$ cat query-v3.cif   # mmCIF, C-alpha atoms
data_start
loop_
_atom_site.label_atom_id
_atom_site.label_comp_id
_atom_site.auth_asym_id
_atom_site.auth_seq_id
_atom_site.Cartn_x
_atom_site.Cartn_y
_atom_site.Cartn_z
CA MET A 514 31.61 -0.08 -26.52
CA SER A 515 29.83 0.26 -29.85
CA CYS A 516 28.37 3.73 -29.25
CA GLN A 517 29.57 6.48 -31.57
CA PHE A 518 29.19 10.13 -30.51
CA PRO A 519 30.36 13.39 -32.07
CA ALA A 520 33.29 14.97 -30.28
CA ASN A 521 31.16 17.91 -29.15
CA LYS A 522 28.45 15.68 -27.65
CA THR A 523 27.37 17.38 -24.41
CA ILE A 524 27.45 15.15 -21.35
CA THR A 525 27.00 17.80 -18.67
CA ALA A 526 27.01 21.58 -18.67
CA THR A 527 30.80 21.58 -18.29
CA LEU A 528 31.77 18.28 -19.94
CA GLN A 529 31.80 17.07 -23.55
CA TRP A 530 32.51 13.68 -25.08
CA TRP A 531 35.96 14.56 -26.48
CA GLN A 532 37.20 15.19 -22.92
CA VAL A 533 36.65 11.58 -21.81
CA ARG A 534 36.55 9.36 -24.92
CA ASP A 535 40.29 8.64 -24.90
CA THR A 536 40.07 7.20 -21.38
CA LEU A 537 37.96 4.31 -22.72
CA ALA A 538 41.15 2.66 -23.94
CA GLN A 539 42.43 2.50 -20.37
CA ASN A 540 39.68 -0.07 -19.51
CA GLN A 541 39.23 1.31 -16.02
CA THR A 542 36.63 -0.34 -13.82
CA CYS A 543 34.49 0.88 -10.94
CA GLU A 544 33.19 -1.21 -8.08
CA PRO A 545 29.83 -2.83 -8.94
CA SER A 546 26.81 -1.57 -7.05
CA SER A 547 23.08 -2.06 -6.72
CA LEU A 548 20.50 0.25 -8.26
CA ARG A 549 17.59 1.00 -5.97
CA PRO A 550 14.45 3.08 -6.37
CA ASN A 551 14.54 6.59 -4.99
CA ILE A 552 11.85 8.19 -2.82
CA GLY A 553 8.46 6.62 -3.52
CA GLY A 554 9.67 4.35 -6.31
CA ALA A 555 8.89 0.94 -4.78
CA LEU A 556 5.82 -1.13 -4.03
CA LEU A 557 5.00 -2.29 -0.52
CA PRO A 558 8.03 -4.53 0.29
CA PHE A 559 7.19 -8.17 -0.17
CA ILE A 560 8.15 -9.03 3.42
CA PHE A 561 5.40 -6.68 4.63
CA VAL A 562 2.93 -8.20 2.16
CA ILE A 563 3.73 -11.69 3.43
CA ILE A 564 3.09 -10.52 7.00
CA GLN A 565 -0.23 -8.97 5.90
CA ILE A 566 -1.31 -12.22 4.25
CA ILE A 567 -0.27 -14.28 7.29
CA VAL A 568 -2.29 -11.98 9.57
CA HIS A 569 -5.32 -11.53 7.33
CA LEU A 570 -5.82 -15.16 6.32
CA PRO A 571 -6.81 -16.50 9.77
CA VAL A 572 -8.83 -13.34 10.42
CA ILE A 573 -10.79 -13.94 7.22
CA ILE A 574 -11.45 -17.56 8.23
CA ALA A 575 -12.65 -16.33 11.62
CA ARG A 576 -14.85 -13.69 9.95
CA VAL A 577 -16.56 -16.50 8.03
CA ALA A 578 -17.04 -18.85 10.99
CA ARG A 579 -17.07 -16.70 14.15
CA TRP A 580 -16.83 -13.05 13.15
CA GLU A 581 -17.74 -11.91 16.69
CA ASP A 582 -14.35 -13.08 17.97
CA VAL A 583 -12.24 -10.86 15.69
CA GLN A 584 -14.12 -7.55 15.86
CA THR A 585 -11.40 -5.66 17.71
CA LEU A 586 -8.56 -7.15 15.64
CA SER A 587 -10.35 -6.27 12.39
CA ILE A 588 -10.76 -2.67 13.55
CA PHE A 589 -7.10 -2.27 14.51
CA LEU A 590 -5.92 -3.79 11.22
CA ALA A 591 -8.13 -1.33 9.35
CA ILE A 592 -6.84 1.62 11.41
CA PHE A 593 -3.24 0.61 10.66
CA ASN A 594 -3.80 0.27 6.90
CA VAL A 595 -5.81 3.49 6.67
CA ALA A 596 -3.03 5.34 8.49
CA ILE A 597 -0.37 3.94 6.12
CA VAL A 598 -2.32 4.89 2.99
CA ALA A 599 -3.20 8.35 4.34
CA GLN A 600 0.45 8.95 5.24
CA GLY A 601 1.46 7.86 1.73
CA TYR A 602 -1.03 10.31 0.23
CA THR A 603 0.36 13.14 2.33
CA SER A 604 4.06 12.42 1.76
CA THR A 605 3.85 11.88 -2.00
CA ASN A 606 1.08 14.40 -2.80
CA MET A 607 -0.30 11.53 -4.90
CA ALA A 608 2.14 12.34 -7.71
CA PRO A 609 1.99 9.87 -10.66
CA GLU A 610 5.69 9.01 -10.31
CA HIS A 611 5.01 7.85 -6.72
CA VAL A 612 1.94 5.73 -7.45
CA LEU A 613 3.73 2.57 -6.30
CA VAL A 614 3.62 3.97 -2.76
CA TRP A 615 0.24 5.69 -2.57
CA SER A 616 -1.93 3.23 -4.55
CA PRO A 617 -4.65 2.18 -2.01
CA MET A 618 -5.10 -1.36 -3.30
CA THR A 619 -4.43 -2.92 0.11
CA LEU A 620 -7.62 -1.42 1.60
CA VAL A 621 -10.11 -3.78 -0.07
CA ILE A 622 -10.00 -6.41 2.68
CA ASP A 623 -10.45 -3.76 5.37
CA ALA A 624 -13.40 -2.23 3.52
CA GLY A 625 -15.17 -5.61 3.56
CA ALA A 626 -14.32 -6.17 7.23
CA MET A 627 -15.74 -2.80 8.25
CA LEU A 628 -18.86 -3.38 6.15
CA GLN A 629 -19.36 -6.72 7.89
CA LEU A 630 -19.07 -5.22 11.37
CA MET A 631 -21.14 -2.17 10.50
CA VAL A 632 -24.06 -4.23 9.17
CA LEU A 633 -23.99 -7.46 11.19
CA VAL A 634 -23.48 -5.88 14.62
CA ARG A 635 -26.46 -3.60 13.93
CA ALA A 636 -28.46 -6.65 12.83
CA VAL A 637 -27.63 -8.53 16.04
CA HIS A 638 -28.17 -5.42 18.18
CA PRO A 639 -30.95 -3.42 16.47
CA ASN A 640 -31.63 -1.47 19.68
CA TRP A 641 -28.01 -0.59 20.42
CA LEU A 642 -28.74 3.10 20.91
CA ARG A 643 -31.48 2.41 23.44
CA GLU A 644 -29.25 -0.06 25.28
CA LEU A 645 -26.43 2.48 25.28
CA ARG A 646 -28.66 5.18 26.77
CA GLY A 647 -29.85 2.67 29.36
CA THR A 648 -26.26 1.93 30.34
CA PHE A 649 -25.63 5.59 31.16
CA ARG A 650 -28.92 5.94 33.02
CA HIS A 651 -28.37 2.75 35.04
CA PRO A 652 -24.60 2.17 35.07
CA GLN A 653 -24.80 -0.63 37.66
CA ALA A 654 -27.46 -2.62 35.84
CA ASN A 655 -26.88 -5.57 33.57
CA PRO A 656 -27.69 -4.75 29.91
CA VAL A 657 -30.26 -7.56 29.82
CA GLU A 658 -32.09 -6.06 32.80
CA LEU A 659 -32.52 -2.76 31.00
CA ARG A 660 -34.95 -4.26 28.51
CA PRO A 661 -38.60 -3.45 29.32
CA LEU A 662 -40.56 -6.13 31.11
CA VAL A 663 -44.30 -6.57 31.36
CA PRO A 664 -45.31 -6.43 35.04
CA GLY A 665 -45.87 -9.89 36.43
CA GLN A 666 -44.46 -11.65 33.40
CA ASP A 667 -41.08 -12.91 32.31
CA THR A 668 -39.38 -11.54 29.24
CA ASP A 669 -40.62 -13.04 26.01
CA PRO A 670 -37.78 -15.25 24.76
CA ASN A 671 -38.72 -14.48 21.14
CA GLU A 672 -38.46 -10.74 21.69
CA TYR A 673 -34.67 -10.81 22.06
CA PRO A 674 -33.42 -13.84 20.15
CA ASN A 675 -29.76 -12.82 20.50
CA PRO A 676 -28.69 -13.03 24.14
CA PRO A 677 -25.63 -11.02 25.13
CA THR A 678 -22.23 -12.66 24.73
CA HIS A 679 -18.84 -11.89 26.26
CA ASN A 680 -18.46 -8.85 23.97
CA SER A 681 -22.04 -7.56 23.79
CA HIS A 682 -21.81 -4.78 26.37
CA PRO A 683 -23.62 -1.71 24.97
CA LEU A 684 -20.45 0.39 25.18
CA PHE A 685 -18.50 -2.15 23.14
CA VAL A 686 -21.33 -2.57 20.64
CA ALA A 687 -21.50 1.21 20.16
CA PHE A 688 -17.72 1.38 19.79
CA VAL A 689 -17.74 -1.30 17.07
CA ILE A 690 -20.65 0.20 15.12
CA ILE A 691 -19.40 3.80 15.23
CA THR A 692 -15.73 2.96 14.61
CA SER A 693 -16.42 0.54 11.76
CA SER A 694 -18.76 3.06 10.12
CA LEU A 695 -16.18 5.86 10.31
CA LEU A 696 -13.41 3.57 9.07
CA PHE A 697 -15.48 2.40 6.12
CA LEU A 698 -16.23 6.00 5.16
CA ALA A 699 -12.52 6.82 5.46
CA ILE A 700 -11.56 3.83 3.30
CA PHE A 701 -14.16 4.73 0.69
CA ALA A 702 -12.94 8.35 0.64
CA LEU A 703 -9.32 7.20 0.22
CA GLN A 704 -10.31 4.89 -2.62
CA VAL A 705 -12.23 7.63 -4.44
CA ALA A 706 -9.33 10.07 -3.95
CA GLY A 707 -6.90 7.47 -5.29
CA LEU A 708 -9.14 6.79 -8.29
CA VAL A 709 -9.35 10.50 -9.12
CA ALA A 710 -5.57 10.90 -8.76
CA SER A 711 -4.90 7.92 -11.04
CA PHE A 712 -6.85 9.61 -13.84
CA ARG A 713 -4.90 12.87 -13.63
CA ASN A 714 -2.75 13.42 -16.69
CA PRO A 715 0.88 14.12 -15.74
CA PRO A 716 2.34 17.30 -17.27
CA GLY A 717 4.94 15.26 -19.17
CA PRO A 718 6.45 11.77 -19.43
CA ILE A 719 6.64 9.98 -16.09
CA LEU A 720 10.23 9.72 -14.89
CA ALA A 721 11.42 7.52 -12.04
CA SER A 722 14.51 8.31 -9.99
CA TRP A 723 16.97 5.46 -9.34
CA CYS A 724 19.97 5.70 -7.06
CA SER A 725 23.29 3.95 -6.46
CA ALA A 726 26.18 4.45 -4.08
CA MET A 727 28.51 4.13 -7.07
CA PHE A 728 26.98 7.25 -8.67
CA GLY A 729 27.75 9.25 -5.55
CA HIS A 730 31.53 8.78 -5.92
CA PHE A 731 32.10 11.81 -8.18
CA GLY A 732 29.89 10.37 -10.91
CA VAL A 733 28.47 13.01 -13.25
CA ALA A 734 26.72 10.83 -15.85
CA GLU A 735 25.94 7.21 -16.66
CA LEU A 736 26.09 5.60 -20.11
CA ASP A 737 24.36 2.29 -20.77
CA LEU A 738 24.50 -0.29 -23.58
CA ASN A 739 21.63 1.49 -25.31
CA CYS A 740 23.95 4.49 -25.81
CA ASN A 741 21.85 6.66 -23.49
CA PHE A 742 23.44 9.21 -21.20
CA HIS A 743 21.76 9.82 -17.83
CA PRO A 744 23.02 12.79 -15.80
CA VAL A 745 23.75 12.00 -12.16
CA THR A 746 22.29 14.09 -9.34
CA ARG A 747 24.38 13.55 -6.24
CA ASN A 748 22.90 13.44 -2.75
CA VAL A 749 25.81 14.24 -0.45
CA HIS A 750 23.75 13.76 2.73
CA ASN A 751 22.89 10.14 1.82
CA GLY A 752 26.12 9.38 -0.04
CA ILE A 753 24.37 8.36 -3.27
CA GLY A 754 23.80 9.62 -6.77
CA CYS A 755 20.56 9.31 -8.73
CA ILE A 756 19.52 9.19 -12.38
CA ASP A 757 16.12 9.57 -14.06
CA LEU A 758 14.73 6.67 -16.11
CA PRO A 759 11.41 6.24 -17.94
CA GLY A 760 8.72 5.40 -15.38
CA ALA A 761 7.46 2.25 -17.11
CA ARG A 762 6.52 0.56 -13.83
CA GLN A 763 4.71 3.66 -12.62
CA HIS A 764 2.77 3.96 -15.88
CA THR A 765 1.68 0.32 -15.66
CA TRP A 766 0.72 0.61 -12.00
CA LEU A 767 -1.42 3.69 -12.70
CA ILE A 768 -3.44 1.59 -15.13
CA VAL A 769 -3.65 -1.28 -12.62
CA THR A 770 -4.77 1.19 -9.92
CA LYS A 771 -7.57 2.56 -12.10
CA ILE A 772 -8.92 -0.89 -12.94
CA THR A 773 -8.65 -2.37 -9.45
CA LEU A 774 -10.19 0.63 -7.68
CA ILE A 775 -13.19 0.67 -10.04
CA LEU A 776 -13.66 -3.06 -9.46
CA ALA A 777 -13.14 -2.66 -5.70
CA ILE A 778 -15.82 0.02 -5.35
CA CYS A 779 -18.29 -2.07 -7.37
CA ILE A 780 -17.48 -5.21 -5.37
CA GLU A 781 -17.92 -3.36 -2.08
CA GLY A 782 -21.36 -2.26 -3.29
CA VAL A 783 -22.31 -5.86 -4.07
CA ASP A 784 -21.12 -7.05 -0.65
CA ALA A 785 -23.07 -4.23 1.01
CA LEU A 786 -26.23 -5.52 -0.67
CA ILE A 787 -25.48 -9.10 0.40
CA LEU A 788 -24.85 -8.08 4.00
CA SER A 789 -27.95 -5.90 4.12
CA PHE A 790 -30.54 -8.21 2.56
CA VAL A 791 -29.40 -11.81 3.04
CA SER A 792 -30.72 -13.41 6.23
CA LEU A 793 -28.30 -14.25 9.04
CA GLU A 794 -29.66 -17.82 9.00
CA HIS A 795 -29.19 -18.23 5.24
CA SER A 796 -26.40 -20.69 4.45
CA TRP A 797 -25.15 -22.99 1.73
CA TRP A 798 -24.23 -26.30 3.28
CA ILE A 799 -22.44 -25.09 6.44
CA VAL A 800 -21.24 -21.80 4.98
CA GLN A 801 -22.96 -18.58 6.03
CA LEU A 802 -23.83 -16.55 2.93
CA ARG A 803 -24.18 -13.24 4.77
CA ARG A 804 -20.49 -12.42 4.54
CA PRO A 805 -18.45 -9.99 2.38
CA TRP A 806 -17.23 -12.82 0.17
CA PHE A 807 -16.25 -10.71 -2.83
CA THR A 808 -14.14 -8.20 -0.94
CA MET A 809 -12.41 -10.98 0.99
CA ILE A 810 -11.48 -12.87 -2.17
CA PHE A 811 -10.64 -9.75 -4.19
CA GLY A 812 -8.65 -8.25 -1.31
CA LEU A 813 -6.53 -11.39 -0.93
CA THR A 814 -6.02 -11.43 -4.70
CA MET A 815 -4.71 -7.86 -4.54
CA LEU A 816 -2.23 -8.79 -1.81
CA VAL A 817 -0.99 -11.75 -3.84
CA LEU A 818 -0.65 -9.50 -6.91
CA ILE A 819 1.39 -6.95 -4.95
CA LEU A 820 3.52 -9.77 -3.53
CA VAL A 821 4.31 -11.24 -6.96
CA VAL A 822 4.94 -7.92 -8.72
CA GLY A 823 6.90 -6.50 -5.78
CA THR A 824 9.17 -9.55 -5.61
CA MET A 825 9.83 -9.40 -9.36
CA ASP A 826 10.60 -5.67 -9.15
CA ALA A 827 12.97 -6.14 -6.23
CA TYR A 828 15.13 -8.63 -8.14
CA SER A 829 15.20 -7.07 -11.60
CA LEU A 830 16.62 -3.86 -13.03
CA PRO A 831 14.11 -1.27 -14.24
CA PRO A 832 13.37 -0.89 -17.95
CA GLY A 833 15.60 1.65 -19.64
CA ILE A 834 18.98 0.61 -18.26
CA SER A 835 21.41 -2.25 -18.81
CA GLU A 836 23.34 -4.30 -16.31
CA LYS A 837 26.67 -3.24 -17.84
CA ILE A 838 27.24 0.51 -17.73
CA TRP A 839 29.97 3.13 -18.04
CA LEU A 840 30.27 5.85 -15.44
CA ILE A 841 31.71 9.23 -16.33
CA VAL A 842 33.66 10.37 -13.26
CA ASP A 843 34.89 13.91 -12.64
CA THR A 844 36.98 14.37 -9.51
CA GLY A 845 37.89 17.94 -10.39
CA THR A 846 41.18 17.10 -12.10
CA GLU A 847 40.93 14.88 -15.18
CA PRO A 848 37.57 13.24 -15.96
CA PHE A 849 37.54 9.59 -17.05
CA ILE A 850 35.24 6.68 -17.89
CA CYS A 851 35.09 3.45 -15.95
CA MET A 852 33.08 0.32 -16.64
CA SER A 853 30.87 -1.25 -13.95
CA ARG A 854 27.86 -3.45 -13.40
CA LEU A 855 24.55 -2.78 -11.71
CA SER A 856 22.55 -5.31 -9.70
CA PRO A 857 18.88 -5.20 -8.62
CA ALA A 858 17.91 -3.47 -5.40
CA GLY A 859 16.73 -6.55 -3.52
CA LEU A 860 14.66 -6.34 -0.37
CA ARG A 861 16.88 -3.68 1.23
CA GLY A 862 16.56 -1.32 -1.73
CA GLN A 863 12.82 -1.92 -1.88
CA LEU A 864 12.45 -1.16 1.83
CA ILE A 865 14.40 2.10 1.47
CA GLY A 866 12.45 3.25 -1.57
CA TRP A 867 9.05 2.51 -0.02
CA LEU A 868 9.83 3.84 3.45
CA ASP A 869 11.36 7.00 1.99
CA GLY A 870 8.13 7.55 0.05
CA VAL A 871 5.75 6.91 2.95
CA LEU A 872 7.73 8.77 5.61
CA GLU A 873 9.23 11.59 3.56
CA GLY A 874 6.55 13.89 4.93
CA TRP A 875 8.07 13.53 8.41
CA ASN A 876 11.04 15.61 7.23
CA GLY A 877 13.67 15.89 9.99
CA ILE A 878 12.04 13.23 12.16
CA TYR A 879 12.72 10.58 9.49
CA ASN A 880 15.74 11.97 7.65
CA GLY A 881 17.57 13.54 10.58
CA SER A 882 19.22 16.92 10.35
CA SER A 883 21.23 17.44 7.18
#
$ encode --input "query-v3.cif" --output "structure tokens"
Amino acid sequence: MSCQFPANKTITATLQWWQVRDTLAQNQTCEPSSLRPNIGGALLPFIFVIIQIIVHLPVIIARVARWEDVQTLSIFLAIFNVAIVAQGYTSTNMAPEHVLVWSPMTLVIDAGAMLQLMVLVRAVHPNWLRELRGTFRHPQANPVELRPLVPGQDTDPNEYPNPPTHNSHPLFVAFVIITSSLLFLAIFALQVAGLVASFRNPPGPILASWCSAMFGHFGVAELDLNCNFHPVTRNVHNGIGCIDLPGARQHTWLIVTKITLILAICIEGVDALILSFVSLEHSWWIVQLRRPWFTMIFGLTMLVLILVVGTMDAYSLPPGISEKIWLIVDTGTEPFICMSRLSPAGLRGQLIGWLDGVLEGWNGIYNGSS
């Protein structure tokens, strides 16, 4: 070790450098361990992002070609993602150090899907309210028979150019229009709330908590190759110890969140204009133009970005710490220093950090009784 400290260098409230420096010559070693993010310190685990991409990709293709067939699936996907983001907001209180958990960047695809349903279903069923009232007045009648007829004449085929399909019952149409409208408003509100939170100035430097099982074995401080001491806070219930490091990833992701949410809101506005004013019959070659193209492309791009960054984070140590470290151990008798090595968290560590952040608000239900 090349670090030089004065003898009275304070390590903890009850420990100074002179009490442990002589044990360096003993070359003691500790078992290597992984370093994982603490509560709320990890992005959406890449395995979940891969599942989202696998699910969303065929749904997006169907929304381009036959959007009527994936109305229910699109709604349930949006409900799931809205619930996850809302739970993340609640559990983390949208604190800057937990931005990796609460950043609502995954909602862009769902915003476009709800816009598409909200606008196109109303375009196909402009009289959905009248048809819904007719269903309650004449529950045994077919929806087509509820449309007014001129006595002695058949219905004008040009009056209702969109005959009912397998999913055009007035109750289902009303469910899709109302639910998609409410979900879009909820998504927009979550995005605005996230944008406002990303612009809040933290009271001080952002610190991120990182934990290791090695730190929990009577570790009181960690010393890295940069000659920085990091006091260890032990969590007896979980059998780990944690240190605070500069929140470089959190700071970067706050900037990314600001930029992407501003772009997302603008893109959703453009898609709303396209869906509202482009004709249903308007196409380019065989591609229907009346689709939320920008939110679909931008939403997929966000998922790919989270996948790439999340995978890199899972298999690299955070800035501010070295792979080779020294752990100051105090068992209550004679303190000593041992050398060890840290490894990245991997998928398991990422899962724990993200789930702890999202579900921390469940208290005893998630953590059990301590």
$ resolve_selection --input "query-v3.cif" --expression "the PyMOL selection byres ((chain A and resi 721-723) around 8)" --output "NGL selection string"
:A and (548-552 or 554 or 610 or 719-720 or 724-725 or 755-760 or 763)
$ write_last_selection --input "query-v3.cif" --atoms "C-alpha atoms" --output "PDB file, in the frame of the given file"
ATOM      1  CA  LEU A 548      20.500   0.250  -8.260  1.00  0.00           C
ATOM      2  CA  ARG A 549      17.590   1.000  -5.970  1.00  0.00           C
ATOM      3  CA  PRO A 550      14.450   3.080  -6.370  1.00  0.00           C
ATOM      4  CA  ASN A 551      14.540   6.590  -4.990  1.00  0.00           C
ATOM      5  CA  ILE A 552      11.850   8.190  -2.820  1.00  0.00           C
ATOM      6  CA  GLY A 554       9.670   4.350  -6.310  1.00  0.00           C
ATOM      7  CA  GLU A 610       5.690   9.010 -10.310  1.00  0.00           C
ATOM      8  CA  ILE A 719       6.640   9.980 -16.090  1.00  0.00           C
ATOM      9  CA  LEU A 720      10.230   9.720 -14.890  1.00  0.00           C
ATOM     10  CA  CYS A 724      19.970   5.700  -7.060  1.00  0.00           C
ATOM     11  CA  SER A 725      23.290   3.950  -6.460  1.00  0.00           C
ATOM     12  CA  CYS A 755      20.560   9.310  -8.730  1.00  0.00           C
ATOM     13  CA  ILE A 756      19.520   9.190 -12.380  1.00  0.00           C
ATOM     14  CA  ASP A 757      16.120   9.570 -14.060  1.00  0.00           C
ATOM     15  CA  LEU A 758      14.730   6.670 -16.110  1.00  0.00           C
ATOM     16  CA  PRO A 759      11.410   6.240 -17.940  1.00  0.00           C
ATOM     17  CA  GLY A 760       8.720   5.400 -15.380  1.00  0.00           C
ATOM     18  CA  GLN A 763       4.710   3.660 -12.620  1.00  0.00           C
TER      19      GLN A 763
END
$ residues_around --input "query-v3.cif" --residues "Met618 (chain A)" --least-positions-apart "5" --cutoff "10 Å" --atoms "only C-alpha atoms" --output "PyMOL selection string"
chain A and resi 598+704+707+769-771+773-774+777+812+815-816+818-819
$ resolve_selection --input "query-v3.cif" --expression "the PyMOL selection byres ((chain A and resi 530) around 12)" --output "number ranges by chain"
A: 516-529, 531-537, 734, 736, 742, 841, 848-850
$ resolve_selection --input "query-v3.cif" --expression "the PyMOL selection byres ((chain A and resi 691-701) around 8)" --output "PDB file with C-alpha atoms, in the coordinates of the input"
ATOM      1  CA  ILE A 588     -10.760  -2.670  13.550  1.00  0.00           C
ATOM      2  CA  ALA A 591      -8.130  -1.330   9.350  1.00  0.00           C
ATOM      3  CA  ILE A 592      -6.840   1.620  11.410  1.00  0.00           C
ATOM      4  CA  VAL A 595      -5.810   3.490   6.670  1.00  0.00           C
ATOM      5  CA  LEU A 620      -7.620  -1.420   1.600  1.00  0.00           C
ATOM      6  CA  ASP A 623     -10.450  -3.760   5.370  1.00  0.00           C
ATOM      7  CA  ALA A 624     -13.400  -2.230   3.520  1.00  0.00           C
ATOM      8  CA  MET A 627     -15.740  -2.800   8.250  1.00  0.00           C
ATOM      9  CA  LEU A 628     -18.860  -3.380   6.150  1.00  0.00           C
ATOM     10  CA  LEU A 630     -19.070  -5.220  11.370  1.00  0.00           C
ATOM     11  CA  MET A 631     -21.140  -2.170  10.500  1.00  0.00           C
ATOM     12  CA  ALA A 687     -21.500   1.210  20.160  1.00  0.00           C
ATOM     13  CA  PHE A 688     -17.720   1.380  19.790  1.00  0.00           C
ATOM     14  CA  VAL A 689     -17.740  -1.300  17.070  1.00  0.00           C
ATOM     15  CA  ILE A 690     -20.650   0.200  15.120  1.00  0.00           C
ATOM     16  CA  ALA A 702     -12.940   8.350   0.640  1.00  0.00           C
ATOM     17  CA  LEU A 703      -9.320   7.200   0.220  1.00  0.00           C
ATOM     18  CA  GLN A 704     -10.310   4.890  -2.620  1.00  0.00           C
ATOM     19  CA  VAL A 705     -12.230   7.630  -4.440  1.00  0.00           C
ATOM     20  CA  ILE A 778     -15.820   0.020  -5.350  1.00  0.00           C
TER      21      ILE A 778
END
$ closest_residue --input "query-v3.cif" --among "A:Thr648, A:Met607, A:Ile573, A:Asp869" --to "Thr808 (chain A)" --atoms "only C-alpha atoms"
A:Ile573
$ atom_distance --input "query-v3.cif" --atom1 "CA of Gly553 (chain A)" --atom2 "CA of Asn741 (chain A)"
24.0 Å
$ atom_distance --input "query-v3.cif" --atom1 "CA of Phe728 (chain A)" --atom2 "CA of Ser829 (chain A)"
18.8 Å
$ atom_distance --input "query-v3.cif" --atom1 "CA of Ile772 (chain A)" --atom2 "CA of Leu613 (chain A)"
14.7 Å
$ closest_residue --input "query-v3.cif" --among "A:Gly877, A:Pro831, A:Pro617, A:Gly870" --to "Ser856 (chain A)" --atoms "all atoms listed in the file"
A:Pro831
$ residues_around --input "query-v3.cif" --residues "Trp580 (chain A)" --least-positions-apart "4" --cutoff "10 Å" --atoms "all atoms listed in the file" --output "list in words"
Val572, Ile573, Ile574, Ala575, Arg576, Gln584, Ser587, Ala626, Gln629, Leu630, Leu633, Val634 and Arg804 of chain A
$ closest_residue --input "query-v3.cif" --among "A:Leu557, A:Val621, A:Asp582, A:Ala710" --to "Leu813 (chain A)" --atoms "only C-alpha atoms"
A:Val621
$ closest_residue --input "query-v3.cif" --among "A:Gly874, A:Gly823, A:Pro609, A:Pro832" --to "Pro715 (chain A)" --atoms "only C-alpha atoms"
A:Pro609
